[in-house]
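S.K.: Dropping in upload01.txt, which is compact mmCIF, C-alpha atoms:
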```
# COMPACT_ATOMS: atom_id res chain seq x y z
CA MET A 18 0.00 0.00 0.00
CA ILE A 19 1.23 3.48 -0.75
CA LEU A 20 -0.86 5.04 2.05
CA GLU A 21 -2.38 3.36 5.08
CA THR A 22 -4.14 4.68 8.16
CA ILE A 23 -4.58 2.43 11.17
CA ASP A 24 -7.30 3.14 13.76
CA LEU A 25 -7.06 6.94 13.59
CA ASN A 26 -8.92 8.78 16.35
CA LYS A 27 -9.42 12.51 16.87
CA ARG A 28 -11.47 14.40 19.44
CA PHE A 29 -12.10 18.12 19.82
CA GLY A 30 -13.21 18.66 23.41
CA GLY A 31 -16.36 16.61 23.83
CA VAL A 32 -16.79 16.00 20.10
CA THR A 33 -15.41 12.84 18.53
CA ALA A 34 -14.56 13.75 14.93
CA VAL A 35 -12.88 10.52 13.78
CA VAL A 36 -13.25 7.03 15.30
CA ASP A 37 -10.88 4.16 14.42
CA PHE A 38 -10.50 5.18 10.78
CA SER A 39 -8.49 2.60 8.83
CA LEU A 40 -7.77 2.89 5.11
CA LYS A 41 -5.52 1.10 2.62
CA LEU A 42 -4.80 2.98 -0.61
CA PRO A 43 -2.97 0.91 -3.25
CA PRO A 44 -0.51 2.58 -5.67
CA GLY A 45 -2.28 3.99 -8.72
CA ALA A 46 -5.77 3.85 -7.21
CA ILE A 47 -8.49 6.48 -6.84
CA PHE A 48 -10.43 6.07 -3.59
CA GLY A 49 -13.23 8.28 -2.30
CA ILE A 50 -14.50 9.35 1.10
CA ILE A 51 -18.13 10.43 1.27
CA GLY A 52 -20.65 11.17 4.00
CA PRO A 53 -23.01 13.85 5.30
CA ASN A 54 -21.68 17.19 6.53
CA GLY A 55 -19.93 16.81 9.87
CA ALA A 56 -18.99 13.18 9.22
CA GLY A 57 -15.27 13.84 9.82
CA LYS A 58 -14.08 13.67 6.22
CA THR A 59 -11.92 16.81 6.17
CA THR A 60 -10.57 15.95 9.62
CA ILE A 61 -9.21 12.73 8.12
CA PHE A 62 -7.39 14.76 5.45
CA ASN A 63 -6.08 17.14 8.11
CA LEU A 64 -4.70 14.18 10.06
CA ILE A 65 -3.02 12.65 7.02
CA SER A 66 -1.49 15.96 5.89
CA GLY A 67 -0.24 16.94 9.34
CA ILE A 68 -2.56 19.85 10.14
CA TYR A 69 -3.84 17.85 13.13
CA ARG A 70 -2.11 15.16 15.13
CA PRO A 71 -4.19 12.07 15.85
CA ASP A 72 -5.05 11.28 19.45
CA SER A 73 -4.21 7.68 18.60
CA GLY A 74 -3.56 5.52 15.57
CA LYS A 75 -0.94 5.51 12.84
CA ILE A 76 -0.39 6.90 9.34
CA ILE A 77 1.92 4.87 7.12
CA PHE A 78 3.23 6.26 3.81
CA GLN A 79 5.30 4.00 1.56
CA GLY A 80 6.05 1.75 4.51
CA SER A 81 7.23 4.54 6.85
CA ASP A 82 5.38 5.84 9.89
CA ILE A 83 4.66 9.57 9.30
CA THR A 84 2.32 10.00 12.26
CA GLY A 85 2.88 13.36 13.93
CA LEU A 86 5.24 14.81 11.31
CA GLU A 87 4.90 18.50 10.43
CA GLN A 88 2.95 19.56 7.35
CA HIS A 89 6.04 20.53 5.33
CA GLN A 90 7.74 17.23 6.16
CA ILE A 91 4.72 15.25 4.95
CA ALA A 92 4.51 17.35 1.77
CA ARG A 93 8.18 16.73 1.01
CA LYS A 94 7.71 13.00 1.47
CA GLY A 95 5.13 13.02 -1.33
CA ILE A 96 1.61 13.81 -0.09
CA GLY A 97 -0.04 16.87 -1.66
CA ARG A 98 -3.50 18.27 -1.09
CA THR A 99 -6.11 20.85 -1.98
CA PHE A 100 -8.65 22.41 0.36
CA GLN A 101 -12.41 22.56 0.56
CA ASN A 102 -12.25 26.36 0.49
CA ILE A 103 -9.92 27.62 -2.24
CA ARG A 104 -6.72 29.11 -0.77
CA LEU A 105 -4.93 31.17 -3.39
CA PHE A 106 -2.58 34.11 -2.85
CA ARG A 107 -3.96 37.52 -3.76
CA GLY A 108 -1.35 39.90 -5.13
CA LEU A 109 0.38 37.07 -7.02
CA THR A 110 -0.26 36.01 -10.60
CA VAL A 111 -1.50 32.56 -11.59
CA LEU A 112 2.08 31.54 -12.39
CA GLU A 113 3.43 32.95 -9.13
CA ASN A 114 0.84 30.98 -7.16
CA VAL A 115 2.40 27.80 -8.55
CA LEU A 116 5.96 29.11 -8.06
CA VAL A 117 5.23 29.45 -4.35
CA ALA A 118 5.11 25.64 -4.14
CA LEU A 119 8.42 25.33 -6.00
CA ASP A 120 10.43 27.98 -4.12
CA PRO A 121 11.27 25.82 -1.06
CA GLY A 122 13.14 23.46 -3.39
CA ALA A 123 15.22 26.20 -5.06
CA PRO A 124 18.90 25.22 -4.73
CA TYR A 125 20.22 28.52 -3.39
CA GLY A 126 20.42 30.12 0.04
CA LEU A 127 19.23 33.46 1.41
CA GLY A 128 22.38 35.30 0.42
CA GLU A 129 22.28 34.21 -3.21
CA SER A 130 18.56 34.92 -3.41
CA LEU A 131 19.35 38.62 -2.81
CA LEU A 132 21.94 38.78 -5.60
CA SER A 133 21.43 38.96 -9.36
CA THR A 134 23.81 36.19 -10.35
CA PRO A 135 23.74 34.17 -13.61
CA ARG A 136 23.20 31.01 -11.56
CA LYS A 137 20.18 32.54 -9.83
CA PHE A 138 18.63 33.61 -13.15
CA LYS A 139 19.18 30.12 -14.56
CA ILE A 140 17.49 28.50 -11.54
CA GLU A 141 14.57 30.93 -11.65
CA LYS A 142 14.08 30.26 -15.37
CA SER A 143 14.00 26.54 -14.65
CA LEU A 144 11.43 27.02 -11.87
CA ARG A 145 9.21 29.11 -14.14
CA GLU A 146 9.35 26.41 -16.80
CA ARG A 147 8.36 23.80 -14.24
CA ALA A 148 5.49 25.99 -13.00
CA ARG A 149 4.26 26.41 -16.57
CA HIS A 150 4.44 22.62 -17.00
CA TYR A 151 1.97 22.15 -14.12
CA LEU A 152 -0.26 24.92 -15.46
CA ASN A 153 -0.24 23.16 -18.84
CA ILE A 154 -1.37 19.92 -17.21
CA VAL A 155 -4.53 21.61 -15.90
CA GLY A 156 -4.99 23.81 -18.98
CA LEU A 157 -4.16 27.17 -17.39
CA ASP A 158 -0.85 28.27 -18.95
CA LYS A 159 -2.56 30.89 -21.14
CA PHE A 160 -3.80 32.58 -17.94
CA ARG A 161 -0.39 32.57 -16.24
CA ASP A 162 0.00 36.38 -16.04
CA LEU A 163 -3.51 37.04 -14.71
CA ALA A 164 -4.59 37.53 -11.11
CA PRO A 165 -6.29 34.37 -9.75
CA GLU A 166 -9.32 36.33 -8.58
CA SER A 167 -10.04 37.30 -12.20
CA LEU A 168 -10.54 33.64 -13.15
CA PRO A 169 -13.90 31.83 -13.10
CA TYR A 170 -14.41 29.64 -10.05
CA GLY A 171 -13.78 26.39 -11.92
CA LEU A 172 -10.40 27.61 -13.16
CA ARG A 173 -9.39 28.67 -9.66
CA ARG A 174 -10.09 25.09 -8.57
CA LYS A 175 -7.74 23.89 -11.31
CA LEU A 176 -5.09 26.40 -10.21
CA GLU A 177 -5.14 24.97 -6.70
CA ILE A 178 -4.64 21.49 -8.18
CA ALA A 179 -1.69 22.80 -10.26
CA ARG A 180 -0.08 24.22 -7.13
CA ALA A 181 -0.53 20.90 -5.33
CA LEU A 182 1.06 19.11 -8.31
CA ALA A 183 4.08 21.41 -8.05
CA THR A 184 4.97 19.73 -4.75
CA GLU A 185 5.49 16.58 -6.87
CA PRO A 186 3.25 14.30 -4.80
CA GLN A 187 2.82 10.59 -5.19
CA VAL A 188 -0.50 10.75 -3.34
CA LEU A 189 -2.89 13.64 -3.98
CA LEU A 190 -5.67 14.48 -1.49
CA LEU A 191 -8.53 16.38 -3.14
CA ASP A 192 -11.02 17.95 -0.71
CA GLU A 193 -14.34 18.51 -2.54
CA PRO A 194 -12.73 19.52 -5.86
CA ALA A 195 -16.14 19.74 -7.59
CA ALA A 196 -17.70 22.10 -5.03
CA GLY A 197 -19.27 25.10 -6.75
CA LEU A 198 -18.69 23.80 -10.27
CA ASN A 199 -21.33 23.76 -13.01
CA PRO A 200 -22.09 20.51 -14.90
CA SER A 201 -19.64 21.30 -17.72
CA GLU A 202 -16.87 22.09 -15.24
CA VAL A 203 -17.60 18.86 -13.35
CA ARG A 204 -17.13 16.86 -16.57
CA GLU A 205 -13.81 18.63 -17.18
CA LEU A 206 -12.73 17.91 -13.60
CA ILE A 207 -13.54 14.20 -13.95
CA SER A 208 -11.40 14.10 -17.10
CA LEU A 209 -8.54 15.94 -15.37
CA ILE A 210 -8.52 13.66 -12.31
CA SER A 211 -8.62 10.60 -14.55
CA ASP A 212 -5.64 11.99 -16.48
CA LEU A 213 -3.69 12.75 -13.30
CA ASN A 214 -4.25 9.19 -12.17
CA GLY A 215 -3.39 7.60 -15.50
CA ASN A 216 -0.84 9.78 -17.30
CA GLN A 217 0.74 11.33 -14.20
CA ALA A 218 0.67 8.04 -12.21
CA LEU A 219 -0.83 9.66 -9.13
CA SER A 220 -2.64 7.80 -6.37
CA ILE A 221 -5.66 9.91 -5.42
CA LEU A 222 -7.88 10.12 -2.35
CA LEU A 223 -10.84 12.45 -2.73
CA ILE A 224 -13.66 13.79 -0.61
CA GLU A 225 -16.71 14.67 -2.64
CA HIS A 226 -20.45 15.35 -2.38
CA ARG A 227 -21.04 15.22 -6.13
CA MET A 228 -21.89 11.57 -6.61
CA GLU A 229 -21.24 11.57 -10.37
CA VAL A 230 -17.58 12.36 -9.60
CA VAL A 231 -17.22 9.61 -7.02
CA MET A 232 -19.12 6.99 -8.99
CA GLN A 233 -17.19 7.57 -12.21
CA LEU A 234 -13.71 7.81 -10.73
CA CYS A 235 -13.38 5.74 -7.58
CA GLN A 236 -12.57 2.06 -7.36
CA CYS A 237 -13.45 2.02 -3.66
CA ILE A 238 -15.52 4.32 -1.45
CA TYR A 239 -15.37 4.83 2.31
CA VAL A 240 -18.61 6.16 3.80
CA GLN A 241 -18.28 8.18 7.01
CA ASN A 242 -21.09 9.11 9.39
CA PHE A 243 -20.63 10.85 12.76
CA GLY A 244 -16.91 10.10 12.64
CA ARG A 245 -17.33 6.37 12.07
CA THR A 246 -16.90 4.29 8.93
CA LEU A 247 -20.35 3.14 7.88
CA ALA A 248 -19.42 1.15 4.79
CA ILE A 249 -16.50 0.33 2.48
CA GLY A 250 -16.86 -0.98 -1.05
CA PRO A 251 -17.02 -0.37 -4.80
CA PRO A 252 -19.46 2.28 -6.10
CA ALA A 253 -22.19 -0.17 -7.20
CA GLU A 254 -22.24 -1.81 -3.77
CA ILE A 255 -22.23 1.50 -1.89
CA GLN A 256 -25.19 2.79 -3.95
CA ARG A 257 -27.30 -0.15 -2.75
CA HIS A 258 -26.07 -0.27 0.86
CA PRO A 259 -29.09 0.18 3.17
CA GLU A 260 -27.14 1.94 5.95
CA VAL A 261 -25.68 4.40 3.45
CA ILE A 262 -29.12 5.15 2.04
CA LYS A 263 -30.41 5.67 5.57
CA ALA A 264 -27.55 8.04 6.46
CA TYR A 265 -28.19 10.22 3.40
CA LEU A 266 -31.96 10.04 3.12
CA GLY A 267 -33.12 9.21 6.63
CA GLU A 268 -35.72 6.64 7.64
CA GLU A 269 -39.44 6.85 7.09
CA GLU A 270 -41.45 7.49 10.21
```
Would you kindly transcribe this structure into structure tokens?

M.R.:
Amino acid sequence: MILETIDLNKRFGGVTAVVDFSLKLPPGAIFGIIGPNGAGKTTIFNLISGIYRPDSGKIIFQGSDITGLEQHQIARKGIGRTFQNIRLFRGLTVLENVLVALDPGAPYGLGESLLSTPRKFKIEKSLRERARHYLNIVGLDKFRDLAPESLPYGLRRKLEIARALATEPQVLLLDEPAAGLNPSEVRELISLISDLNGNQALSILLIEHRMEVVMQLCQCIYVQNFGRTLAIGPPAEIQRHPEVIKAYLGEEE
């Protein structure tokens, strides 16, 4: 398994957000996490990516225990993510938003960064080319000099994915990537995620409320409800699962 969680638990005061969450993500797979609002889905992502530390349990990435590592350490190991609410930098162009993810890997120190040396220019040119490569993957290179806030919502979603790709992840966590998209944009997103998985060889774990995205892309779905895993299985099985139907639709009186 490229990513595994073992009995993750997280409480916030008297609220239990995640209870004994265990997941096994194989290399090259697309898995989904679904569930009603407040089911603990984003908390799981925050645990995996290092925003929160689990109260108990383990997170294993490529055979190594990464439980409790800092966010930047986890990102450097190869886990990238997007967020439910788009987090782009105002005051920077589309290209510069992607460059932000590449800057920590620039092979020069503080002193050289303040000087206009040929080596620095060469490195910066290389970084810009890499940033444009990731923009090309999501179809945004022609917008590279624009301000992100001038883009339609769907393109801003793609920009956040491009920035996550710039961290060169092996596992990509997508938190509700289809939120706020119109039907045409959803179809484009499905195609993009499929391409990232196939052509870019990314393992993907996504949280999503848009069922057409989950059902078309995911080989396996984890259903969360009140912090607990309600069901695990392929899309066709999850669609028919009585407890899942009850969690989403409620029971008749």

S.K.: So the first atom is atom CA of Ala248 of chain A and the second is atom CA of Phe100 of chain A; what is the distance between them in Å, to one decimal place?

M.R.: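 About the pair atom CA of Ala248 of chain A and atom CA of Phe100 of chain A: they are 24.2 Å apart.
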
S.K.: Using all atoms listed in the file and a cutoff of 9 Å, can you tell me which residues are near (-17.4, 17.5, -3.5) in the file's coordinates, and write them out as JSON, numbers by chain?

M.R.: {"A": [51, 101, 191, 192, 193, 194, 195, 196, 197, 223, 224, 225, 226, 227, 228, 230, 231]}

S.K.: Restricting the calculation to all atoms listed in the file, which member of A:Phe78, A:Tyr170, A:Phe160, A:Phe48 is positioned closest to Leu112 of chain A?

M.R.: A:Phe160

S.K.: Tell me, in Å to one decimal, how far atom CA of Glu146 of chain A is from atom CA of Arg161 of chain A.

M.R.: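 Rounded to one decimal, the two atoms are 11.5 Å apart.
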
S.K.: Counting only C-alpha atoms, what is within 10 Å of Ile255 of chain A, bar same-chain residues fewer than 6 positions away, as a list of chain:residue names?

M.R.: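 In the requested form, the answer reads A:Met232, A:Cys237, A:Ile238, A:Tyr239, A:Val240, A:Ala248, A:Ile249, A:Val261, A:Ile262.
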
S.K.: Would you work out the distance separating atom CA of Ile210 of chain A from atom CA of Leu190 of chain A, expressed in Å to one decimal?

M.R.: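 Rounded to one decimal, the two atoms are 11.2 Å apart.
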
S.K.: Segment 60-68 of chain A: which residues within 8 Å, counting all atoms listed in the file, same-chain residues fewer than 2 positions away excluded, as a list of chain:residue names?

M.R.: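 Within the cut-off, the hits are A:Ala34, A:Val35, A:Gly57, A:Lys58, A:Arg70, A:Pro71, A:Ile76, A:Thr84, A:Gly85, A:Leu86, A:Glu87, A:Gln88, A:Ile91, A:Ala92, A:Ile96, A:Gly97, A:Arg98, A:Leu190, A:Asp192.
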
S.K.: Under the rule that all atoms listed in the file are counted, which of A:Leu116, A:Thr184, A:Glu254, A:Gly80 is the nearest residue to Met18 of chain A?

M.R.: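 Closest candidate: A:Gly80.
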
S.K.: With only C-alpha atoms counted, which protein, DNA or RNA residues have an atom no more than 12 Å from (-16.4, 20.9, -15.1) in the file frame? Please answer as an NGL selection string.

M.R.: :A and (155 or 169-175 or 194-210 or 227 or 229-230)

S.K.: Could you check the closest approach to Thr99 of chain A for each of A:Leu40, A:Ile154, A:Cys235, A:Ala181 and tell me which residue wins, using all atoms listed in the file?

M.R.: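 Smallest separation from Thr99 of chain A among the options: A:Ala181.
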
S.K.: Excluding Asp72 of chain A and residues on its chain fewer than 6 positions from it, collect all residues at most 8 Å away from it, counting only C-alpha atoms, and give them as a PyMOL selection string.

M.R.: chain A and resi 25-28

S.K.: Skip Asp162 of chain A itself and residues of its chain fewer than 2 positions away, then list as a PyMOL selection string all residues within 12 Å of it, counting only C-alpha atoms.

M.R.: chain A and resi 108-115+145+149+152+157-160+164-168

S.K.: So for segment 193-201 of chain A, what box centre and size do we get, axis-aligned, 8 Å extra on each of the six sides, every listed atom, Å to one decimal, as AutoDock Vina command-line options?

M.R.:
```
--center_x -17.4 --center_y 21.8 --center_z -10.1 --size_x 25.4 --size_y 22.6 --size_z 31.2
```

S.K.: Restricting the calculation to all atoms listed in the file, which member of A:Thr22, A:Ser143, A:Thr59, A:Gln233 is positioned closest to Ile83 of chain A?

M.R.: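 Among A:Thr22, A:Ser143, A:Thr59, A:Gln233, it is A:Thr22 that comes nearest to Ile83 of chain A.
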